[in-house]
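Trainee: The file below is final.cif, mmCIF, C-alpha atoms:
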```cif
data_run
#
loop_
_atom_site.label_atom_id
_atom_site.label_comp_id
_atom_site.auth_asym_id
_atom_site.auth_seq_id
_atom_site.Cartn_x
_atom_site.Cartn_y
_atom_site.Cartn_z
CA MET A 1 111.00 39.72 69.47
CA VAL A 2 114.23 41.52 68.67
CA VAL A 3 113.82 45.11 67.48
CA THR A 4 116.59 46.19 65.13
CA ARG A 5 118.06 49.69 65.13
CA ARG A 6 116.55 50.31 61.71
CA ALA A 7 113.09 49.31 62.98
CA ALA A 8 113.48 51.55 66.04
CA ARG A 9 114.49 54.50 63.84
CA ALA A 10 111.53 53.85 61.55
CA ALA A 11 109.15 53.80 64.53
CA ARG A 12 110.52 57.12 65.82
CA SER A 13 110.27 58.58 62.33
CA SER A 14 106.60 57.55 62.10
CA ILE A 15 105.82 59.17 65.44
CA THR A 16 107.46 62.44 64.52
CA ARG A 17 105.23 62.69 61.45
CA LEU A 18 102.16 62.95 63.71
CA PRO A 19 100.69 66.46 64.13
CA VAL A 20 102.22 68.40 67.01
CA GLU A 21 98.77 68.82 68.57
CA LEU A 22 98.31 65.04 68.69
CA LEU A 23 101.77 64.50 70.18
CA ASP A 24 100.94 67.10 72.83
CA MET A 25 97.79 65.16 73.77
CA ILE A 26 99.74 61.89 73.98
CA ILE A 27 102.41 63.39 76.23
CA ARG A 28 99.78 64.68 78.67
CA TYR A 29 98.67 61.08 79.30
CA LEU A 30 102.16 59.96 80.27
CA SER A 31 103.40 59.55 83.83
CA LEU A 32 106.14 61.82 85.15
CA GLU A 33 108.76 59.12 84.60
CA GLN A 34 107.54 58.40 81.05
CA GLY A 35 107.54 62.11 80.21
CA ALA A 36 111.09 62.47 81.51
CA ALA A 37 112.16 59.51 79.38
CA MET A 38 110.53 61.08 76.31
CA CYS A 39 112.61 64.23 76.83
CA ARG A 40 115.72 62.12 76.20
CA ILE A 41 114.53 60.70 72.87
CA SER A 42 115.12 63.74 70.68
CA HIS A 43 115.21 67.53 70.61
CA LEU A 44 111.65 67.53 69.26
CA PHE A 45 110.24 65.44 72.09
CA ASN A 46 112.24 67.40 74.64
CA ALA A 47 110.76 70.65 73.32
CA LEU A 48 107.23 69.18 73.43
CA ALA A 49 107.42 67.38 76.79
CA THR A 50 109.34 69.90 78.92
CA PRO A 51 106.58 72.56 79.10
CA ILE A 52 104.06 69.89 80.09
CA LEU A 53 106.34 68.28 82.69
CA TYR A 54 107.07 71.58 84.40
CA GLN A 55 103.62 73.15 84.12
CA SER A 56 102.69 71.70 87.53
CA VAL A 57 105.56 71.23 89.97
CA THR A 58 104.49 69.30 93.07
CA PHE A 59 106.40 66.83 95.19
CA ASP A 60 105.68 63.56 96.96
CA THR A 61 109.05 63.44 98.71
CA ASP A 62 111.76 65.77 99.96
CA GLU A 63 114.17 64.21 97.46
CA GLN A 64 111.99 65.39 94.57
CA LEU A 65 111.97 68.92 95.99
CA LEU A 66 115.78 68.96 96.30
CA ALA A 67 116.17 67.62 92.74
CA PHE A 68 113.93 70.41 91.43
CA LEU A 69 115.88 73.09 93.30
CA ASN A 70 119.16 71.72 91.91
CA THR A 71 117.71 71.81 88.38
CA MET A 72 116.55 75.41 88.79
CA ASN A 73 119.99 76.37 90.12
CA ARG A 74 121.68 75.31 86.87
CA PRO A 75 122.12 77.71 83.91
CA SER A 76 119.45 75.76 82.01
CA GLY A 77 116.97 76.35 84.84
CA ALA A 78 116.09 79.79 83.44
CA SER A 79 114.52 78.14 80.39
CA LEU A 80 112.01 76.35 82.66
CA VAL A 81 110.74 79.52 84.33
CA PRO A 82 108.05 80.40 81.72
CA HIS A 83 106.51 76.92 81.91
CA ILE A 84 105.86 76.67 85.68
CA GLN A 85 102.29 77.58 86.60
CA HIS A 86 101.69 75.46 89.71
CA PHE A 87 104.08 75.02 92.64
CA GLY A 88 103.25 73.00 95.74
CA LEU A 89 105.48 72.01 98.66
CA PRO A 90 105.62 68.35 99.74
CA ARG A 91 103.10 67.28 102.37
CA ALA A 92 105.70 65.20 104.18
CA ASP A 93 107.21 66.43 107.48
CA THR A 94 109.96 68.34 105.75
CA LEU A 95 112.66 69.98 107.85
CA TYR A 96 112.75 73.52 106.46
CA MET A 97 116.19 74.73 107.43
CA PRO A 98 117.01 78.40 106.56
CA LYS A 99 119.18 77.30 103.63
CA LEU A 100 116.31 75.27 102.14
CA VAL A 101 113.83 78.14 102.60
CA ALA A 102 116.28 80.49 100.86
CA ALA A 103 116.69 78.06 97.94
CA ILE A 104 112.90 77.74 97.54
CA THR A 105 112.56 81.52 97.60
CA VAL A 106 115.24 82.03 94.92
CA SER A 107 113.53 79.47 92.67
CA LEU A 108 110.04 80.95 93.12
CA LEU A 109 110.68 84.68 92.76
CA PRO A 110 111.25 84.59 88.95
CA LEU A 111 108.07 82.55 88.24
CA THR A 112 105.97 85.35 86.75
CA ASN A 113 103.56 82.87 85.10
CA LEU A 114 102.70 81.19 88.41
CA ARG A 115 98.97 80.63 88.91
CA VAL A 116 98.92 78.30 91.93
CA LEU A 117 101.20 78.66 94.97
CA ASP A 118 100.84 76.12 97.79
CA LEU A 119 102.98 76.96 100.82
CA ALA A 120 100.89 74.99 103.32
CA THR A 121 103.33 73.20 105.62
CA ALA A 122 103.14 71.14 108.80
CA ASP A 123 105.99 73.17 110.29
CA GLU A 124 106.15 76.90 111.09
CA VAL A 125 107.94 78.18 107.99
CA SER A 126 107.90 81.95 107.54
CA PHE A 127 108.96 82.52 103.88
CA ILE A 128 109.24 86.19 104.90
CA THR A 129 111.43 87.29 101.96
CA LEU A 130 109.20 85.57 99.42
CA LEU A 131 105.97 86.94 100.90
CA ARG A 132 107.32 90.47 101.14
CA THR A 133 108.83 90.74 97.67
CA ALA A 134 107.11 88.28 95.30
CA GLN A 135 104.75 89.56 92.62
CA PHE A 136 102.86 86.96 90.60
CA PRO A 137 100.62 88.77 88.08
CA HIS A 138 98.59 85.65 87.20
CA LEU A 139 98.18 84.10 90.67
CA THR A 140 94.66 82.71 91.19
CA ARG A 141 95.22 80.24 94.06
CA PHE A 142 97.21 80.66 97.27
CA ASP A 143 97.54 78.16 100.17
CA ILE A 144 99.55 79.28 103.19
CA THR A 145 100.25 78.22 106.77
CA VAL A 146 100.03 81.34 108.96
CA HIS A 147 101.66 81.92 112.34
CA PRO A 148 102.70 84.99 114.36
CA LYS A 149 106.10 85.24 112.65
CA ASN A 150 104.71 85.67 109.13
CA ILE A 151 101.20 87.09 109.57
CA GLU A 152 102.25 90.63 108.58
CA ALA A 153 104.03 89.38 105.44
CA VAL A 154 101.06 87.15 104.52
CA LEU A 155 98.65 90.09 104.76
CA GLY A 156 100.93 92.20 102.57
CA PHE A 157 101.10 89.39 100.00
CA LEU A 158 97.30 89.11 99.97
CA GLN A 159 96.92 92.86 99.50
CA ARG A 160 99.21 92.77 96.45
CA HIS A 161 97.39 89.82 94.86
CA HIS A 162 93.83 90.37 96.10
CA ARG A 163 92.34 91.40 92.75
CA ASP A 164 92.94 88.07 90.98
CA LEU A 165 92.79 85.46 93.77
CA GLN A 166 90.00 82.94 93.18
CA HIS A 167 90.99 80.25 95.69
CA LEU A 168 92.47 80.92 99.13
CA ALA A 169 93.45 78.61 102.01
CA ILE A 170 94.64 80.15 105.27
CA ILE A 171 95.78 77.44 107.68
CA HIS A 172 96.88 78.06 111.27
CA ALA A 173 97.14 76.16 114.54
CA GLU A 174 96.50 79.13 116.81
CA PRO A 175 94.31 82.24 116.50
CA VAL A 176 95.60 84.91 114.12
CA GLU A 177 94.56 88.53 114.00
CA ILE A 178 93.75 90.36 110.78
CA PRO A 179 93.57 94.05 111.77
CA SER A 180 91.67 95.34 108.73
CA PRO A 181 89.40 93.52 106.26
CA ILE A 182 91.00 92.22 103.06
CA HIS A 183 88.97 92.75 99.89
CA LEU A 184 88.89 89.66 97.64
CA PRO A 185 86.52 90.51 94.77
CA GLN A 186 87.22 87.39 92.65
CA LEU A 187 87.24 84.73 95.39
CA ARG A 188 85.39 81.53 94.47
CA SER A 189 86.55 79.14 97.20
CA LEU A 190 87.88 79.68 100.71
CA TYR A 191 89.43 77.37 103.32
CA ALA A 192 89.77 79.15 106.67
CA THR A 193 88.48 79.38 110.23
CA ASP A 194 85.20 81.13 110.86
CA LEU A 195 87.11 83.94 112.62
CA VAL A 196 89.31 84.57 109.56
CA LEU A 197 86.21 84.53 107.37
CA SER A 198 84.82 87.42 109.42
CA ARG A 199 87.85 89.54 108.46
CA LEU A 200 87.61 89.01 104.70
CA ASN A 201 85.56 91.27 102.49
CA VAL A 202 83.90 88.95 99.96
CA GLU A 203 80.71 90.93 99.54
CA ASP A 204 81.16 91.26 95.77
CA ALA A 205 82.93 87.93 95.27
CA PRO A 206 81.44 85.00 93.30
CA LEU A 207 82.02 82.76 96.34
CA VAL A 208 80.61 79.26 95.79
CA GLU A 209 82.65 76.98 98.09
CA LEU A 210 83.52 77.32 101.78
CA ARG A 211 85.64 74.98 103.91
CA ILE A 212 85.47 76.18 107.51
CA TYR A 213 87.55 74.57 110.22
CA ASN A 214 87.16 75.09 113.95
CA LEU A 215 90.15 74.86 116.29
CA ASP A 216 88.09 74.34 119.46
CA GLU A 217 88.21 70.84 120.90
CA GLU A 218 85.41 71.49 123.38
CA PRO A 219 81.77 70.74 122.48
CA THR A 220 80.91 74.35 121.68
CA SER A 221 79.13 75.90 118.74
CA LEU A 222 80.98 77.51 115.90
CA HIS A 223 81.54 81.22 116.19
CA PRO A 224 78.78 83.07 114.31
CA ILE A 225 79.53 82.87 110.61
CA SER A 226 80.00 86.47 109.54
CA ILE A 227 79.25 86.84 105.85
CA ASP A 228 77.11 89.18 103.81
CA PRO A 229 73.64 87.61 103.20
CA SER A 230 73.77 88.28 99.45
CA THR A 231 77.17 86.55 99.27
CA ALA A 232 75.91 83.63 101.37
CA ARG A 233 73.11 83.03 98.87
CA ARG A 234 75.73 82.43 96.14
CA VAL A 235 77.54 79.74 98.13
CA ARG A 236 76.74 76.22 96.91
CA SER A 237 79.09 74.01 98.97
CA VAL A 238 80.00 74.17 102.67
CA THR A 239 82.37 71.84 104.50
CA LEU A 240 82.92 71.93 108.27
CA LEU A 241 86.13 70.47 109.71
CA CYS A 242 86.11 70.24 113.50
CA GLY A 243 87.97 68.51 116.29
CA TYR A 244 84.59 68.20 117.95
CA ILE A 245 81.48 68.56 115.82
CA PRO A 246 78.68 70.37 117.66
CA ILE A 247 75.23 69.45 116.37
CA ASP A 248 74.24 73.10 116.66
CA ALA A 249 76.71 73.77 113.83
CA PHE A 250 74.12 72.26 111.48
CA ASP A 251 71.75 75.02 112.53
CA ASP A 252 74.44 77.70 112.06
CA VAL A 253 75.05 76.54 108.49
CA ALA A 254 71.34 76.18 107.69
CA LYS A 255 70.67 79.74 108.83
CA SER A 256 73.64 81.22 106.97
CA PHE A 257 73.55 79.13 103.77
CA PRO A 258 70.02 77.78 103.17
CA LEU A 259 70.59 77.48 99.40
CA ILE A 260 73.67 75.23 99.37
CA ASN A 261 73.67 72.03 97.28
CA THR A 262 76.40 70.19 99.23
CA PHE A 263 77.03 70.06 102.98
CA GLU A 264 79.92 68.03 104.40
CA VAL A 265 81.13 67.50 107.95
CA GLU A 266 84.62 66.07 108.46
CA ALA A 267 86.22 65.11 111.76
CA MET A 268 89.74 66.46 112.17
CA ASP A 269 90.40 63.80 114.80
CA LEU A 270 88.30 60.69 115.44
CA PRO A 271 84.80 60.54 113.93
CA ARG A 272 82.13 62.00 116.19
CA LEU A 273 79.78 59.53 117.93
CA ILE A 274 76.21 60.88 117.98
CA THR A 275 73.10 59.72 119.76
CA ALA A 276 69.63 58.86 118.51
CA ASP A 277 68.29 62.15 119.90
CA GLU A 278 70.93 64.09 117.96
CA ILE A 279 69.95 62.25 114.77
CA ILE A 280 66.41 63.56 115.24
CA GLN A 281 67.81 67.03 115.94
CA ILE A 282 69.76 66.97 112.66
CA GLY A 283 66.49 66.25 110.90
CA THR A 284 64.94 69.42 112.31
CA TYR A 285 67.88 71.46 111.02
CA LEU A 286 67.67 69.83 107.58
CA GLU A 287 64.18 71.29 107.21
CA LYS A 288 65.80 74.72 106.78
CA PHE A 289 67.71 73.75 103.63
CA THR A 290 65.78 74.26 100.40
CA GLU A 291 68.20 72.96 97.73
CA LEU A 292 70.47 70.50 99.55
CA SER A 293 71.20 67.41 97.45
CA THR A 294 74.40 65.93 98.94
CA LEU A 295 74.99 65.38 102.66
CA ASN A 296 78.30 63.81 103.77
CA LEU A 297 78.75 63.31 107.51
CA ASP A 298 81.98 61.93 108.95
CA ILE A 299 80.22 60.90 112.13
CA SER A 300 79.46 57.55 113.69
CA THR A 301 76.76 56.13 115.91
CA ALA A 302 76.17 53.11 118.08
CA ASP A 303 75.50 49.82 116.26
CA ARG A 304 71.99 49.60 117.70
CA VAL A 305 71.21 52.99 116.18
CA LEU A 306 72.99 52.21 112.91
CA ASN A 307 70.76 49.16 112.46
CA GLU A 308 68.03 51.69 111.79
CA GLY A 309 70.15 53.37 109.10
CA ASP A 310 67.53 53.11 106.36
CA ALA A 311 64.90 54.62 108.64
CA ILE A 312 67.27 57.46 109.58
CA ILE A 313 67.86 58.35 105.94
CA ARG A 314 64.16 58.24 105.13
CA GLY A 315 63.53 60.51 108.11
CA TRP A 316 66.10 63.03 106.92
CA TYR A 317 64.61 62.90 103.43
CA GLY A 318 61.24 63.64 104.95
CA ALA A 319 62.79 66.79 106.41
CA CYS A 320 64.62 67.78 103.21
CA LYS A 321 62.98 66.54 100.01
CA THR A 322 65.86 67.70 97.75
CA LEU A 323 68.34 65.16 99.20
CA SER A 324 69.65 62.61 96.71
CA SER A 325 72.89 61.36 98.33
CA VAL A 326 73.74 60.83 101.99
CA THR A 327 76.97 59.50 103.47
CA PHE A 328 76.64 58.61 107.14
CA ALA A 329 78.30 56.19 109.56
CA GLY A 330 80.50 54.62 106.88
CA LYS A 331 77.78 54.03 104.27
CA THR A 332 76.46 55.92 101.28
CA TRP A 333 72.75 56.01 100.43
CA LEU A 334 71.50 57.14 97.01
CA ARG A 335 67.97 58.08 96.05
CA GLU A 336 66.30 57.20 92.78
CA LYS A 337 62.60 58.00 92.31
CA ASP A 338 62.07 58.43 96.06
CA LYS A 339 63.61 55.02 96.81
CA TRP A 340 66.78 54.88 98.89
CA SER A 341 69.45 52.19 98.78
CA ALA A 342 72.80 51.80 100.49
CA LEU A 343 74.90 50.98 97.46
CA CYS A 344 78.39 50.87 98.91
CA GLU A 345 80.61 51.47 101.86
CA ALA A 346 81.77 55.07 102.05
CA VAL A 347 85.39 55.59 101.00
#
```
Please, can you express the file's structure as structure tokens?
Mentor:
Amino acid sequence: MVVTRRAARAARSSITRLPVELLDMIIRYLSLEQGAAMCRISHLFNALATPILYQSVTFDTDEQLLAFLNTMNRPSGASLVPHIQHFGLPRADTLYMPKLVAAITVSLLPLTNLRVLDLATADEVSFITLLRTAQFPHLTRFDITVHPKNIEAVLGFLQRHHRDLQHLAIIHAEPVEIPSPIHLPQLRSLYATDLVLSRLNVEDAPLVELRIYNLDEEPTSLHPISIDPSTARRVRSVTLLCGYIPIDAFDDVAKSFPLINTFEVEAMDLPRLITADEIIQIGTYLEKFTELSTLNLDISTADRVLNEGDAIIRGWYGACKTLSSVTFAGKTWLREKDKWSALCEAV
């Protein structure tokens, strides 16, 4: 079918008669490429789509990051500043040369409406100037890779933004020292090592989610989880990420967070292979949880043990009657009216 210019103009005219609120909802369903194309249709669509396109600025590739920095460097880039609320660096192995770090810093410093800042990188990137000078009045989430070169600047940044932070991720490949506790009264979720957790003051915080990773590769227990008991009782989800997953870690979590609803264990390397005796041991630790409903374990076992998978799940349910979903050894079991069934392979 051939669409004439008159028909195309009529179609555009019909769309523009829709309420602005409805157009806004339509634009939010578009892909990034479709939204960019809509900006080129008319001044109206450009005005409607631009704030939505730039509200969350994240990148899949280095090329996208460079294109964004070039856009912000133009005179028109200043008009985009009020719209940007979420900025996240690409997860690819980007080579952060000093010139690129400086360009990122220049683009980020004016973003006074920023709510989410993700500076977690695979490389040791300091962002010293940004961390020392930036002030984001509305910042609620901060993800950062910490190393000896930037630890002092990171701590200063946290002290300036501590009153409003609700989500914090502190990632590091070697131990870092926090000389004095940092007060985070609004924190709701935290991703950090157990040692960093011990240096954060979250006694008054509405903390509900913890992701704790352990850098040790040896089969040792986690360091004692240092958290105020009243705060621990508010936590509802705990995830452990370990190079080696010690079974005793189940006991550490059960003692510290007996009221959690969700407990997950993720292997940072290859999935952990556990024995039949350790499966029984897990059951004894599950007895200490009183409200646990979801258990996700990124651990494997020998085929001869896995053949008894249904019996294992029933045994764990006998230890913890609140369980309703268990992921274990590549399968997910769901409970309905005290009957368990492995419905699907775990994703």
Trainee: Separation of atom CA of A:Arg115 and atom CA of A:Ala192, in Å?
Mentor: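 Atom CA of A:Ala192 lies 20.1 Å from atom CA of A:Arg115.
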Trainee: Neighbours of stretch 235-250 of chain A within 6 Å (only C-alpha atoms; same-chain residues fewer than 2 positions away dropped), as a PyMOL selection string?
Mentor: chain A and resi 207-214+217+219+221+232-233+252-253+260-269
Trainee: Could you work out how far atom CA of A:Leu100 lies from atom CA of A:Arg160, giving the answer in Å with one decimal?
Mentor: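 Those two atoms sit 25.1 Å apart.
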Trainee: Starting from the displayed file, determine the output of the PyMOL selection byres ((chain A and resi 147-149) around 8) and express the residue list as a list in words.
Mentor: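 Output of the PyMOL selection byres ((chain A and resi 147-149) around 8): Glu124, Ser126, Thr145, Val146, Asn150, Ile151, Glu152, His172, Ala173, Glu174 and Val176 of chain A.
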Trainee: How many Å lie between atom CA of A:Asp123 and atom CA of A:Asn70, rounded to one decimal?
Mentor: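 Atom-to-atom, atom CA of A:Asp123 to atom CA of A:Asn70, that is 22.7 Å.
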Trainee: Residues within 6 Å of stretch 161-169 of chain A, please, as a PyMOL selection string. Count only C-alpha atoms; anything in the same chain fewer than 2 positions from it doesn't count.
Mentor: chain A and resi 140-143+158-159+184+186-192
Trainee: I need the chosen residues saved as a compact mmCIF listing (two decimals), in the coordinates of the input, with C-alpha atoms.
Mentor:
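For reference, out.txt as written:
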```txt
# COMPACT_ATOMS: atom_id res chain seq x y z
CA THR A 140 94.66 82.71 91.19
CA ARG A 141 95.22 80.24 94.06
CA PHE A 142 97.21 80.66 97.27
CA ASP A 143 97.54 78.16 100.17
CA LEU A 158 97.30 89.11 99.97
CA GLN A 159 96.92 92.86 99.50
CA LEU A 184 88.89 89.66 97.64
CA GLN A 186 87.22 87.39 92.65
CA LEU A 187 87.24 84.73 95.39
CA ARG A 188 85.39 81.53 94.47
CA SER A 189 86.55 79.14 97.20
CA LEU A 190 87.88 79.68 100.71
CA TYR A 191 89.43 77.37 103.32
CA ALA A 192 89.77 79.15 106.67
```
Trainee: Out of A:Leu297, A:Ile312, A:Ala319, A:Leu22, which residue has the shortest atom-to-atom distance to A:Gly283 when counting all atoms listed in the file?
Mentor: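 Answer, going by the shortest atom-to-atom distance: A:Ala319.
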Trainee: For A:Leu65, which of A:Phe45, A:Ser198, A:Pro51, A:Thr94 is the closest residue, counting all atoms listed in the file?
Mentor: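 Using all atoms listed in the file, A:Leu65 sits closest to A:Thr94.
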Trainee: Mind listing as a list in words all residues within 9 Å of (74.1, 65.6, 99.2), counting all atoms listed in the file?
Mentor: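 Collected hits near the coordinates: Asn261, Thr262, Phe263, Glu264, Leu292, Ser293, Thr294, Leu295, Asn296, Thr322, Leu323, Ser324, Ser325, Val326 and Thr327 of chain A.
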Trainee: Once the PyMOL selection byres ((chain A and resi 83) around 8) is applied to the coordinates I shared, what remains selected? I want it as an NGL selection string.
Mentor: :A and (51-52 or 54-55 or 80-82 or 84-85 or 113)
Trainee: Please identify all polymer residues within 9 Å of A:Val101, counting all atoms listed in the file, omitting same-chain residues fewer than 3 positions from it, and present them as a list in words.
Mentor: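 Here the answer would be Tyr96, Met97, Pro98, Ile104, Thr105, Val106, Val125, Ser126 and Phe127 of chain A.
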Trainee: Might you spell out which residues the PyMOL selection byres ((chain A and resi 60) around 10) would select in the displayed file, as a PyMOL selection string?
Mentor: chain A and resi 58-59+61-65+88-92
Trainee: Scan for residues within 7 Å of the point (99.9, 75.4, 102.1) in the coordinates of the file, using only C-alpha atoms, and reply as a list in words.
Mentor: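 Every polymer residue passing the test: Asp118, Leu119, Ala120, Thr121, Asp143, Ile144 and Thr145 of chain A.
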Trainee: Given 8 Å of margin on each side, can you work out the centre and size in Å (one decimal) of an axis-aligned box holding every listed atom of stretch 248-262 of chain A, as JSON?
Mentor:
```
{"center_x": 73.4, "center_y": 75.7, "center_z": 107.0, "size_x": 22.7, "size_y": 27.0, "size_z": 35.4}
```
Trainee: Which residue out of A:Phe157, A:Trp333, A:Trp316, A:Phe68 has the minimum interatomic distance to A:Ala103 when all atoms listed in the file are used?
Mentor: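 For A:Ala103, the nearest of the candidates is A:Phe68.
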Trainee: My structure is short of atoms at stretch 247-263 of chain A; please model N, CA and C atoms there, returning them as a CSV table (one decimal), in the frame of the given file.
Mentor:
```csv
chain,number,residue,atom,x,y,z
A,247,ILE,N,76.4,69.6,117.2
A,247,ILE,CA,75.2,69.4,116.4
A,247,ILE,C,74.6,70.8,116.0
A,248,ASP,N,74.8,71.8,116.9
A,248,ASP,CA,74.2,73.1,116.7
A,248,ASP,C,74.9,73.7,115.4
A,249,ALA,N,76.1,73.2,115.0
A,249,ALA,CA,76.7,73.8,113.8
A,249,ALA,C,75.8,73.6,112.6
A,250,PHE,N,75.0,72.5,112.6
A,250,PHE,CA,74.1,72.3,111.5
A,250,PHE,C,73.1,73.4,111.4
A,251,ASP,N,72.7,73.9,112.5
A,251,ASP,CA,71.8,75.0,112.5
A,251,ASP,C,72.4,76.3,112.1
A,252,ASP,N,73.7,76.5,112.5
A,252,ASP,CA,74.4,77.7,112.1
A,252,ASP,C,74.6,77.7,110.5
A,253,VAL,N,74.9,76.6,109.9
A,253,VAL,CA,75.0,76.5,108.5
A,253,VAL,C,73.7,76.7,107.8
A,254,ALA,N,72.7,76.1,108.3
A,254,ALA,CA,71.3,76.2,107.7
A,254,ALA,C,70.8,77.6,107.7
A,255,LYS,N,71.1,78.4,108.8
A,255,LYS,CA,70.7,79.7,108.8
A,255,LYS,C,71.5,80.6,107.9
A,256,SER,N,72.8,80.4,107.8
A,256,SER,CA,73.6,81.2,107.0
A,256,SER,C,73.6,80.9,105.5
A,257,PHE,N,73.4,79.6,105.2
A,257,PHE,CA,73.6,79.1,103.8
A,257,PHE,C,72.4,78.2,103.4
A,258,PRO,N,71.2,78.7,103.4
A,258,PRO,CA,70.0,77.8,103.2
A,258,PRO,C,70.0,77.2,101.7
A,259,LEU,N,70.7,77.9,100.8
A,259,LEU,CA,70.6,77.5,99.4
A,259,LEU,C,71.7,76.6,98.9
A,260,ILE,N,72.6,76.1,99.8
A,260,ILE,CA,73.7,75.2,99.4
A,260,ILE,C,73.2,73.9,98.8
A,261,ASN,N,74.0,73.3,97.9
A,261,ASN,CA,73.7,72.0,97.3
A,261,ASN,C,74.4,70.9,98.0
A,262,THR,N,75.6,71.2,98.6
A,262,THR,CA,76.4,70.2,99.2
A,262,THR,C,76.8,70.7,100.6
A,263,PHE,N,76.6,69.8,101.6
A,263,PHE,CA,77.0,70.1,103.0
A,263,PHE,C,77.8,68.9,103.5
```
